[in-house]
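Visitor: What follows is my_file10.cif, made up of mmCIF, C-alpha atoms and all ligand atoms:
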data_final
loop_
_atom_site.label_atom_id
_atom_site.label_comp_id
_atom_site.auth_asym_id
_atom_site.auth_seq_id
_atom_site.Cartn_x
_atom_site.Cartn_y
_atom_site.Cartn_z
CA MET Y 30 -19.61 -20.74 11.62
CA ALA Y 31 -22.61 -21.10 13.96
CA ASP Y 32 -21.62 -18.49 16.55
CA GLN Y 33 -20.95 -15.71 14.11
CA THR Y 34 -23.92 -16.53 11.88
CA THR Y 35 -26.48 -16.28 14.67
CA LYS Y 36 -25.57 -12.60 15.06
CA LEU Y 37 -25.86 -11.96 11.34
CA PRO Y 38 -29.06 -10.34 10.06
CA SER Y 39 -31.88 -12.25 8.43
CA PHE Y 40 -35.22 -11.31 6.85
CA GLY Y 41 -36.71 -14.72 7.63
CA PRO Y 42 -36.39 -18.22 6.15
CA PRO Y 43 -35.11 -18.64 2.57
CA GLY Y 44 -37.76 -18.78 -0.14
CA PRO Y 45 -38.60 -21.87 -2.22
CA VAL Y 46 -36.82 -20.85 -5.45
CA ARG Y 47 -33.23 -22.12 -5.34
CA GLN Y 48 -31.84 -20.86 -8.66
CA ILE Y 49 -32.90 -19.09 -11.84
CA LEU Y 50 -31.32 -21.05 -14.68
CA ARG Y 51 -29.89 -18.87 -17.47
CA GLN Y 52 -27.88 -21.46 -19.42
CA ARG Y 53 -27.50 -25.20 -18.91
CA GLU Y 54 -24.16 -25.84 -20.67
CA PRO Y 55 -21.97 -24.23 -19.57
CA LEU Y 56 -23.92 -23.78 -16.35
CA ASN Y 57 -25.04 -20.22 -15.65
CA SER Y 58 -27.66 -19.63 -13.02
CA GLU Y 59 -28.48 -16.82 -10.67
CA PHE Y 60 -29.50 -16.31 -7.09
CA PRO Y 61 -33.21 -15.35 -6.95
CA PHE Y 62 -32.39 -11.92 -5.50
CA ALA Y 63 -36.06 -11.18 -4.71
CA GLU Y 64 -35.76 -14.02 -2.15
CA LEU Y 65 -32.82 -12.45 -0.33
CA SER Y 66 -33.34 -13.58 3.25
CA GLN Y 67 -29.94 -14.10 4.87
CA PHE Y 68 -26.56 -12.51 5.08
CA ILE Y 69 -24.94 -15.78 3.96
CA THR Y 70 -26.32 -17.10 0.67
CA PRO Y 71 -27.00 -20.85 0.98
CA SER Y 72 -24.58 -22.69 -1.34
CA ASP Y 73 -27.41 -24.13 -3.45
CA GLN Y 74 -28.69 -20.57 -4.09
CA PHE Y 75 -25.29 -18.96 -4.78
CA TYR Y 76 -25.09 -17.82 -8.43
CA VAL Y 77 -23.00 -19.85 -10.88
CA ARG Y 78 -21.04 -18.20 -13.70
CA SER Y 79 -19.03 -20.58 -15.91
CA HIS Y 80 -17.57 -19.98 -19.36
CA PHE Y 81 -16.66 -23.59 -20.12
CA PRO Y 82 -18.06 -26.95 -19.01
CA THR Y 83 -17.28 -27.91 -15.41
CA PRO Y 84 -14.02 -29.88 -15.61
CA SER Y 85 -13.83 -33.27 -13.93
CA VAL Y 86 -10.94 -33.07 -11.53
CA ASP Y 87 -9.40 -36.35 -10.29
CA LEU Y 88 -8.47 -35.68 -6.67
CA LYS Y 89 -5.89 -38.48 -6.62
CA SER Y 90 -3.73 -36.80 -9.22
CA TRP Y 91 -4.78 -33.15 -8.71
CA ARG Y 92 -2.03 -30.80 -7.57
CA LEU Y 93 -1.77 -27.05 -7.44
CA SER Y 94 1.50 -25.90 -8.94
CA ILE Y 95 3.27 -22.60 -8.34
CA GLU Y 96 5.75 -21.68 -11.03
CA GLY Y 97 7.14 -18.82 -13.11
CA ALA Y 98 9.28 -16.14 -11.49
CA VAL Y 99 9.80 -18.04 -8.22
CA ARG Y 100 12.97 -19.28 -6.53
CA LYS Y 101 11.57 -22.77 -5.95
CA PRO Y 102 8.62 -24.07 -8.00
CA VAL Y 103 6.35 -26.07 -5.68
CA SER Y 104 3.13 -28.06 -5.89
CA PHE Y 105 0.57 -29.12 -3.32
CA SER Y 106 -2.04 -31.87 -3.07
CA LEU Y 107 -5.36 -30.95 -1.47
CA ASP Y 108 -4.37 -32.79 1.72
CA GLU Y 109 -1.13 -30.84 1.87
CA LEU Y 110 -3.03 -27.56 1.47
CA LYS Y 111 -5.41 -28.53 4.26
CA GLN Y 112 -2.45 -29.01 6.59
CA LEU Y 113 -1.44 -25.37 6.17
CA PRO Y 114 -2.95 -22.68 8.44
CA ALA Y 115 -6.59 -22.16 7.43
CA GLN Y 116 -8.52 -18.90 7.25
CA THR Y 117 -12.24 -18.24 6.96
CA ARG Y 118 -13.58 -15.08 5.30
CA MET Y 119 -17.04 -13.87 4.37
CA VAL Y 120 -16.77 -12.49 0.85
CA THR Y 121 -19.37 -11.27 -1.64
CA LEU Y 122 -18.86 -12.14 -5.29
CA GLU Y 123 -20.61 -10.16 -7.99
CA CYS Y 124 -20.33 -10.98 -11.68
CA ALA Y 125 -19.31 -7.93 -13.71
CA GLY Y 126 -22.37 -8.67 -15.90
CA ASN Y 127 -24.85 -8.52 -13.01
CA ALA Y 128 -28.03 -6.55 -13.93
CA ARG Y 129 -27.18 -6.71 -17.65
CA MET Y 130 -30.89 -7.34 -18.28
CA TYR Y 131 -31.51 -3.66 -17.50
CA LEU Y 132 -29.20 -2.28 -20.19
CA MET Y 133 -30.81 -0.52 -23.12
CA PRO Y 134 -30.36 -1.30 -25.93
CA LYS Y 135 -30.22 -4.98 -25.00
CA ALA Y 136 -26.60 -6.07 -24.47
CA ALA Y 137 -25.01 -9.31 -25.67
CA GLY Y 138 -24.22 -11.95 -23.06
CA VAL Y 139 -26.02 -13.85 -20.31
CA GLN Y 140 -29.14 -11.82 -19.42
CA TRP Y 141 -28.54 -11.52 -15.68
CA ASP Y 142 -31.24 -9.97 -13.52
CA LEU Y 143 -30.14 -8.77 -10.04
CA GLY Y 144 -28.93 -12.18 -8.82
CA ALA Y 145 -25.43 -12.57 -10.25
CA VAL Y 146 -24.25 -11.62 -6.76
CA SER Y 147 -24.08 -13.73 -3.58
CA ASN Y 148 -22.24 -13.81 -0.29
CA ALA Y 149 -20.61 -16.88 1.26
CA GLU Y 150 -18.24 -17.92 3.99
CA TRP Y 151 -15.08 -19.33 2.42
CA THR Y 152 -12.38 -21.40 4.13
CA GLY Y 153 -8.95 -22.18 2.77
CA VAL Y 154 -5.37 -21.05 2.69
CA ILE Y 155 -4.25 -17.53 1.89
CA LEU Y 156 -2.37 -17.07 -1.38
CA SER Y 157 0.56 -15.32 0.30
CA GLU Y 158 1.18 -18.45 2.41
CA LEU Y 159 1.86 -20.45 -0.76
CA LEU Y 160 3.78 -17.69 -2.55
CA ASP Y 161 6.08 -17.40 0.47
CA ARG Y 162 6.92 -21.10 0.15
CA ALA Y 163 7.77 -20.72 -3.54
CA GLY Y 164 9.65 -17.44 -3.00
CA VAL Y 165 8.40 -14.88 -5.53
CA ARG Y 166 11.31 -13.19 -7.30
CA ALA Y 167 11.74 -9.42 -7.20
CA GLU Y 168 11.04 -9.15 -10.99
CA ALA Y 169 7.49 -10.51 -10.59
CA VAL Y 170 4.68 -7.97 -11.02
CA GLU Y 171 1.58 -10.15 -11.22
CA ILE Y 172 0.23 -13.52 -10.21
CA ILE Y 173 -1.69 -15.47 -12.87
CA LEU Y 174 -4.42 -17.78 -11.60
CA GLU Y 175 -5.33 -20.56 -14.05
CA GLY Y 176 -8.28 -22.94 -13.91
CA ALA Y 177 -8.55 -26.52 -15.17
CA ASP Y 178 -11.55 -25.71 -17.38
CA GLU Y 179 -11.03 -25.10 -21.07
CA GLY Y 180 -12.92 -24.31 -24.22
CA THR Y 181 -13.45 -21.81 -27.01
CA PRO Y 182 -14.74 -18.37 -25.96
CA ASP Y 183 -17.99 -17.01 -27.46
CA GLU Y 184 -16.88 -13.50 -28.33
CA PRO Y 185 -14.53 -12.54 -31.16
CA PRO Y 186 -11.64 -12.13 -31.59
CA LYS Y 187 -11.44 -15.83 -30.78
CA PRO Y 188 -8.05 -17.29 -29.89
CA PRO Y 189 -6.89 -20.30 -31.93
CA GLY Y 190 -7.94 -23.57 -30.30
CA LYS Y 191 -9.06 -24.15 -26.76
CA ILE Y 192 -7.90 -21.96 -23.93
CA ARG Y 193 -8.03 -22.32 -20.17
CA TYR Y 194 -9.81 -19.80 -17.99
CA ALA Y 195 -7.18 -17.52 -16.42
CA ARG Y 196 -6.97 -14.10 -14.77
CA SER Y 197 -4.17 -12.21 -13.06
CA ILE Y 198 -3.86 -9.97 -10.03
CA PRO Y 199 -1.10 -7.49 -9.20
CA LEU Y 200 1.15 -8.36 -6.24
CA SER Y 201 -0.50 -5.56 -4.23
CA LYS Y 202 -3.80 -7.49 -4.33
CA VAL Y 203 -2.34 -10.77 -3.00
CA PRO Y 204 -3.34 -10.15 0.66
CA ASP Y 205 -7.02 -10.16 -0.37
CA VAL Y 206 -6.82 -13.57 -2.05
CA LEU Y 207 -7.98 -16.71 -0.27
CA LEU Y 208 -7.70 -20.10 -1.96
CA ALA Y 209 -10.85 -21.82 -0.74
CA TYR Y 210 -11.61 -25.53 -0.44
CA GLU Y 211 -14.74 -24.99 1.67
CA MET Y 212 -17.87 -22.92 1.09
CA ASN Y 213 -20.30 -22.30 3.95
CA GLY Y 214 -18.64 -24.96 6.09
CA GLU Y 215 -18.89 -27.75 3.48
CA PRO Y 216 -16.48 -28.99 0.81
CA LEU Y 217 -16.54 -26.63 -2.18
CA PRO Y 218 -19.23 -27.78 -4.68
CA ALA Y 219 -18.12 -28.73 -8.22
CA SER Y 220 -19.99 -25.81 -9.84
CA HIS Y 221 -18.15 -23.34 -7.57
CA GLY Y 222 -14.69 -24.66 -8.41
CA ALA Y 223 -13.87 -27.84 -6.45
CA PRO Y 224 -11.41 -28.80 -5.24
CA LEU Y 225 -9.93 -25.28 -4.96
CA ARG Y 226 -10.84 -21.77 -6.10
CA ALA Y 227 -9.55 -18.28 -5.61
CA VAL Y 228 -11.74 -15.80 -3.70
CA VAL Y 229 -10.56 -12.26 -4.47
CA GLY Y 230 -12.25 -9.91 -2.00
CA GLY Y 231 -13.37 -6.55 -3.44
CA TRP Y 232 -13.03 -7.46 -7.11
CA PHE Y 233 -15.69 -8.56 -9.53
CA GLY Y 234 -16.17 -12.33 -9.70
CA MET Y 235 -14.09 -12.91 -12.84
CA ALA Y 236 -10.89 -12.68 -10.74
CA SER Y 237 -12.00 -15.49 -8.40
CA VAL Y 238 -10.71 -18.33 -10.60
CA LYS Y 239 -12.45 -21.67 -10.02
CA TRP Y 240 -10.93 -25.18 -10.44
CA LEU Y 241 -7.56 -23.62 -9.73
CA SER Y 242 -4.70 -25.75 -11.05
CA ARG Y 243 -1.75 -23.46 -11.72
CA ILE Y 244 -0.37 -20.24 -10.26
CA VAL Y 245 2.29 -18.39 -12.25
CA ALA Y 246 4.37 -15.46 -11.03
CA ALA Y 247 4.71 -13.22 -14.11
CA THR Y 248 7.25 -10.50 -14.87
CA GLN Y 249 4.89 -8.67 -17.29
CA PRO Y 250 1.22 -7.75 -16.98
CA PHE Y 251 -0.80 -10.75 -18.22
CA LEU Y 252 -2.67 -10.14 -21.49
CA GLY Y 253 -4.82 -13.30 -21.65
CA TYR Y 254 -8.25 -13.46 -23.29
CA PHE Y 255 -10.27 -12.86 -20.09
CA GLN Y 256 -7.99 -9.96 -19.26
CA THR Y 257 -8.06 -7.99 -22.51
CA THR Y 258 -10.79 -9.22 -24.89
CA ASP Y 259 -13.39 -10.23 -22.31
CA TYR Y 260 -13.77 -8.58 -18.88
CA ALA Y 261 -11.96 -5.47 -20.11
CA TYR Y 262 -13.00 -2.01 -21.33
CA TRP Y 263 -11.55 0.94 -23.19
CA GLN Y 264 -9.93 3.56 -20.99
CA ASP Y 265 -8.35 6.77 -22.15
CA ASP Y 266 -4.55 6.77 -21.85
CA ALA Y 267 -2.87 10.01 -23.02
CA GLY Y 268 -5.58 10.53 -25.61
CA GLN Y 269 -5.54 6.92 -26.83
CA PRO Y 270 -8.06 4.27 -25.81
CA VAL Y 271 -6.36 1.22 -24.28
CA ARG Y 272 -7.86 -2.07 -23.09
CA VAL Y 273 -7.77 -2.35 -19.31
CA PRO Y 274 -9.01 -5.29 -17.27
CA ILE Y 275 -12.12 -4.91 -15.08
CA THR Y 276 -11.07 -5.18 -11.45
CA GLU Y 277 -12.72 -3.61 -8.38
CA MET Y 278 -16.44 -3.86 -7.68
CA LYS Y 279 -18.40 -0.59 -7.57
CA THR Y 280 -20.37 0.75 -4.64
CA LYS Y 281 -23.94 -0.40 -5.21
CA ALA Y 282 -27.30 -1.06 -3.54
CA GLN Y 283 -30.02 -3.37 -4.84
CA ILE Y 284 -33.66 -3.68 -3.80
CA ALA Y 285 -34.78 -7.28 -3.16
CA ARG Y 286 -38.35 -6.49 -2.06
CA PRO Y 287 -40.67 -5.18 -3.31
CA ALA Y 288 -40.20 -6.95 -6.64
CA PRO Y 289 -40.77 -4.99 -9.87
CA GLY Y 290 -44.49 -4.51 -10.49
CA GLU Y 291 -45.46 -5.66 -6.98
CA ILE Y 292 -48.85 -4.42 -5.74
CA ILE Y 293 -48.55 -2.65 -2.41
CA ALA Y 294 -51.34 -1.54 -0.08
CA ARG Y 295 -51.79 2.22 0.13
CA ASN Y 296 -51.49 4.02 3.45
CA SER Y 297 -49.63 1.13 5.08
CA HIS Y 298 -46.17 0.25 6.33
CA TYR Y 299 -44.02 -1.66 3.88
CA ARG Y 300 -40.50 -2.86 4.70
CA ILE Y 301 -38.25 -2.31 1.67
CA VAL Y 302 -35.23 -4.63 1.96
CA GLY Y 303 -32.06 -5.28 0.02
CA ALA Y 304 -28.29 -5.55 0.09
CA ALA Y 305 -25.46 -3.13 -0.68
CA TRP Y 306 -21.73 -3.55 -1.16
CA SER Y 307 -18.61 -1.86 -2.44
CA GLY Y 308 -15.17 -2.90 -3.66
CA ASP Y 309 -12.15 -2.17 -1.51
CA SER Y 310 -13.71 0.84 0.23
CA ASP Y 311 -16.22 0.64 3.08
CA LEU Y 312 -19.93 1.09 2.45
CA SER Y 313 -21.12 4.13 4.39
CA LYS Y 314 -24.83 4.49 3.64
CA VAL Y 315 -27.81 3.39 1.62
CA GLU Y 316 -30.47 5.94 0.72
CA ILE Y 317 -33.96 5.26 -0.56
CA SER Y 318 -36.19 7.41 -2.72
CA THR Y 319 -39.90 6.64 -2.93
CA ASP Y 320 -40.62 9.62 -5.20
CA ALA Y 321 -38.60 8.82 -8.34
CA GLY Y 322 -35.43 10.46 -7.04
CA ALA Y 323 -36.74 13.82 -5.77
CA HIS Y 324 -35.80 13.02 -2.15
CA PHE Y 325 -33.54 10.40 -0.58
CA THR Y 326 -33.77 9.14 3.02
CA GLU Y 327 -31.27 6.89 4.78
CA ALA Y 328 -32.04 3.20 5.14
CA LYS Y 329 -30.98 1.21 8.19
CA LEU Y 330 -27.84 -0.88 7.70
CA LEU Y 331 -28.19 -4.22 9.47
CA GLY Y 332 -25.63 -6.36 11.27
CA PRO Y 333 -21.91 -5.70 11.52
CA ALA Y 334 -19.85 -4.23 8.68
CA VAL Y 335 -17.72 -7.04 7.21
CA ARG Y 336 -14.94 -5.99 4.84
CA HIS Y 337 -15.54 -7.37 1.32
CA ALA Y 338 -19.00 -8.67 2.24
CA TRP Y 339 -22.35 -7.11 1.42
CA ARG Y 340 -24.54 -5.47 4.05
CA LEU Y 341 -28.26 -6.12 4.33
CA TRP Y 342 -30.43 -3.04 4.82
CA GLU Y 343 -34.09 -2.18 5.42
CA PHE Y 344 -36.29 0.87 5.06
CA ASP Y 345 -39.71 1.35 6.62
CA TRP Y 346 -41.90 2.94 3.95
CA GLN Y 347 -45.13 4.71 4.84
CA THR Y 348 -46.92 4.13 1.54
CA PRO Y 349 -48.88 6.95 -0.18
CA ILE Y 350 -52.55 7.56 0.57
CA SER Y 351 -53.49 7.76 -3.08
CA PRO Y 352 -53.11 4.82 -5.48
CA GLY Y 353 -50.86 4.88 -8.53
CA PRO Y 354 -47.47 3.79 -9.86
CA VAL Y 355 -44.42 4.58 -7.69
CA THR Y 356 -40.74 4.53 -8.67
CA LEU Y 357 -38.34 3.42 -5.94
CA PHE Y 358 -34.58 3.94 -5.97
CA ALA Y 359 -31.83 2.61 -3.69
CA ARG Y 360 -28.47 4.35 -3.82
CA ALA Y 361 -25.26 3.47 -1.98
CA ARG Y 362 -22.35 5.62 -0.85
CA ASP Y 363 -18.92 4.56 0.34
CA ALA Y 364 -16.51 5.97 2.90
CA LYS Y 365 -14.44 7.62 0.15
CA GLY Y 366 -17.51 9.65 -0.85
CA ALA Y 367 -18.35 7.77 -4.06
CA THR Y 368 -22.11 7.75 -4.71
CA GLN Y 369 -23.89 5.53 -7.20
CA PRO Y 370 -24.55 7.56 -10.35
CA MET Y 371 -28.08 7.96 -11.73
CA ALA Y 372 -26.89 7.45 -15.33
CA ARG Y 373 -25.17 4.53 -17.02
CA ASP Y 374 -21.49 5.02 -17.92
CA PRO Y 375 -21.28 3.57 -21.44
CA LYS Y 376 -17.50 3.05 -21.34
CA TYR Y 377 -17.97 -0.26 -19.52
CA GLY Y 378 -19.84 -1.84 -22.45
CA THR Y 379 -21.83 -4.86 -21.28
CA TYR Y 380 -20.18 -4.91 -17.81
CA VAL Y 381 -19.95 -2.96 -14.51
CA ILE Y 382 -23.61 -1.99 -14.31
CA PHE Y 383 -23.85 0.13 -11.18
CA HIS Y 384 -26.06 3.12 -11.92
CA VAL Y 385 -29.21 3.48 -9.81
CA LEU Y 386 -31.97 1.27 -11.24
CA PRO Y 387 -35.62 2.37 -11.04
CA MET Y 388 -37.97 -0.10 -9.37
CA GLU Y 389 -41.59 0.42 -10.43
CA VAL Y 390 -44.33 -0.76 -8.08
CA ILE Y 391 -48.09 -0.21 -7.96
CA VAL Y 392 -49.80 1.28 -4.92
CA GLU Y 393 -53.46 0.21 -4.71
N1 LIG Y 401 -12.02 -21.46 -13.95
C1 LIG Y 401 -12.99 -20.54 -14.01
N2 LIG Y 401 -13.09 -19.63 -13.02
C2 LIG Y 401 -14.07 -18.70 -13.05
C3 LIG Y 401 -14.98 -18.62 -14.10
C4 LIG Y 401 -14.87 -19.59 -15.14
O1 LIG Y 401 -15.65 -19.61 -16.10
N3 LIG Y 401 -13.87 -20.53 -15.05
N4 LIG Y 401 -15.93 -17.62 -14.11
C5 LIG Y 401 -15.59 -16.41 -13.35
C6 LIG Y 401 -16.67 -15.46 -13.22
S1 LIG Y 401 -16.94 -14.45 -14.56
C7 LIG Y 401 -17.36 -15.28 -12.04
S2 LIG Y 401 -18.48 -14.05 -11.89
C8 LIG Y 401 -17.11 -16.17 -10.89
C9 LIG Y 401 -18.40 -16.85 -10.44
O2 LIG Y 401 -18.18 -17.73 -9.37
P1 LIG Y 401 -19.37 -18.70 -8.95
O3 LIG Y 401 -19.75 -19.53 -10.14
O4 LIG Y 401 -18.89 -19.52 -7.80
O5 LIG Y 401 -20.50 -17.79 -8.54
O6 LIG Y 401 -16.17 -17.19 -11.18
C10 LIG Y 401 -15.08 -16.76 -11.96
N5 LIG Y 401 -14.12 -17.82 -12.01
MO MO Y 402 -18.48 -12.91 -13.99
#
Could you render the structure from this file as structure tokens?
Guide:
Amino acid sequence: MADQTTKLPSFGPPGPVRQILRQREPLNSEFPFAELSQFITPSDQFYVRSHFPTPSVDLKSWRLSIEGAVRKPVSFSLDELKQLPAQTRMVTLECAGNARMYLMPKAAGVQWDLGAVSNAEWTGVILSELLDRAGVRAEAVEIILEGADEGTPDEPPKPPGKIRYARSIPLSKVPDVLLAYEMNGEPLPASHGAPLRAVVGGWFGMASVKWLSRIVAATQPFLGYFQTTDYAYWQDDAGQPVRVPITEMKTKAQIARPAPGEIIARNSHYRIVGAAWSGDSDLSKVEISTDAGAHFTEAKLLGPAVRHAWRLWEFDWQTPISPGPVTLFARARDAKGATQPMARDPKYGTYVIFHVLPMEVIVE
């Protein structure tokens, strides 16, 4: 990790706040985004999003099984997985509920500020490696990833009894899935899914199933709770609304500093910094407005572009001569031409919050 990391951008040493706790049980805590300092989020700052209590996994008996529409159901112990060819990828995860705090009227769910997003270096075995060993049958259309955690969901309609956390991906998405047993060069921490989790590059975090225990090749699209009731939205289909699962992350930029309400010296240079990312397309630019959206100027993208990882950026702001409130905006564009919208798209409900957010500061 060392060689590559030294070339990665940094805004200085990490700040003192490690996590902002949102809920103790199940554990939900966010990265203090205003302290964004490095390309790689330290593991103890990486946001945690869990729906059920962290399961205790006994490594002696733990096995990952691959079943369903396969020619040869197989299972692997952690040691067996570690003997397979390993890959390391830098991947940003963003919870689909990130920035929910900014929705008006107030939306139900964990009140995430800007820190339900983080970027880590993950090491493990690629999903296709395991699927090849099991031999996925031609009838299979999706791969279901199931965790060992279970409980009763918060939102109605509630399924009868306890359910396990599970999400599916279409076969076309398999190449972007890494099954990670290491995070930032260390064994995966319990809160992030030890001993093994999926890391699905380009998709919102809900697809990156933690505490992975079972993989099922399915011949029909999976309609589980976290696929249809939660982490789904209504989309028009031939004039009828249908529930579709949330998948790809949106192109988005966030300002880390200044913080909302920060007092900034007039007639000075201020370095506005932040991060930007997109889903499966490449980020092309970040633009900043320091006049409430009347004009936008390009920010400087830092470091190399890494597919499925965020990009840090900075913007040198010559602050106004006269004091007063100022509204800042950061807006991202991707290589396909998608630009962050200024207005919220209500179809996504309490998720997929990617419109440009105003950042109010005070020039004194
Ligand atoms: N087994 C399991 N996997 C899960 C979840 C969960 O509750 N249980 N939460 C999902 C959601 S909604 C997100 S955003 C990511 C968060 O991963 P992190 O806690 O490592 O940041 O994990 C996903 N994987
Ligand atoms: Mo999430």
Visitor: Counting only C-alpha atoms and all ligand atoms, name the residues that have an atom within 8 Å of an atom of ligand LIG 401 (chain Y); the answer should be given as an MDAnalysis selection string.
Guide: chainID Y and resid 57 75:81 122:126 145:147 175:178 193:195 220:222 226:227 233:241 260
Visitor: Show which residues sit within 6 Å of Gly231 in chain Y, as a list in words. Count only C-alpha atoms, and ignore same-chain residues fewer than 3 positions away.
Guide: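 These residues fall inside the cut-off: Glu277, Met278, Gly308, Asp309 and His337 of chain Y.
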Visitor: For CA of Leu143 in chain Y and CA of Thr257 in chain Y, quote the distance in Å rounded to one decimal.
Guide: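 Taking CA of Leu143 in chain Y and CA of Thr257 in chain Y, their separation equals 25.4 Å.
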Visitor: Could you give me, as an mmCIF file with C-alpha atoms, in the coordinates of the input, the residues that sit within 8 Å of (-18.0, 1.7, -4.3) in the file's coordinates, counting all atoms listed in the file?
Guide:
data_model
loop_
_atom_site.group_PDB
_atom_site.id
_atom_site.type_symbol
_atom_site.label_atom_id
_atom_site.label_comp_id
_atom_site.auth_asym_id
_atom_site.auth_seq_id
_atom_site.Cartn_x
_atom_site.Cartn_y
_atom_site.Cartn_z
ATOM 1 C CA MET Y 278 -16.440 -3.860 -7.680
ATOM 2 C CA LYS Y 279 -18.400 -0.590 -7.570
ATOM 3 C CA THR Y 280 -20.370 0.750 -4.640
ATOM 4 C CA LYS Y 281 -23.940 -0.400 -5.210
ATOM 5 C CA TRP Y 306 -21.730 -3.550 -1.160
ATOM 6 C CA SER Y 307 -18.610 -1.860 -2.440
ATOM 7 C CA GLY Y 308 -15.170 -2.900 -3.660
ATOM 8 C CA ASP Y 309 -12.150 -2.170 -1.510
ATOM 9 C CA SER Y 310 -13.710 0.840 0.230
ATOM 10 C CA ASP Y 311 -16.220 0.640 3.080
ATOM 11 C CA LEU Y 312 -19.930 1.090 2.450
ATOM 12 C CA ALA Y 361 -25.260 3.470 -1.980
ATOM 13 C CA ARG Y 362 -22.350 5.620 -0.850
ATOM 14 C CA ASP Y 363 -18.920 4.560 0.340
ATOM 15 C CA ALA Y 367 -18.350 7.770 -4.060
ATOM 16 C CA THR Y 368 -22.110 7.750 -4.710
ATOM 17 C CA GLN Y 369 -23.890 5.530 -7.200
#
Visitor: Near Trp141 in chain Y, within 9 Å and counting all atoms listed in the file, which residues show up once chain neighbours fewer than 5 positions away are dropped, as a list in words?
Guide: Arg51, Ser58, Glu59, Gly126, Asn127, Ala128, Arg129, Met130 and Tyr131 of chain Y
Visitor: Go through Y:Arg166, Y:Lys329, Y:Arg286, Y:Arg196 and flag the residue nearest ligand MO 402 (chain Y), using only C-alpha atoms and all ligand atoms for the distances.
Guide: Y:Arg196
Visitor: So which one's closest to Pro71 in chain Y, Y:Gly153, Y:Pro188, Y:Pro274, Y:Pro42? Using only C-alpha atoms, please.
Guide: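 Using only C-alpha atoms, Pro71 in chain Y sits closest to Y:Pro42.
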Visitor: Of the candidates Y:Ser90, Y:Thr356, Y:Gln116, Y:Thr276, which shows the shortest atom-to-atom distance to ligand MO 402 (chain Y), using only C-alpha atoms and all ligand atoms?
Guide: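 Nearest to ligand MO 402 (chain Y): Y:Thr276.
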Visitor: For a cut-off of 6 Å around (-31.1, 2.9, -2.6), file coordinates, pick out all residues using only C-alpha atoms and list them as a list in words.
Guide: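 Residues with an atom at most 6 Å from (-31.1, 2.9, -2.6): Ala282, Val315, Glu316, Ile317, Phe358, Ala359, Arg360 and Ala361 of chain Y.
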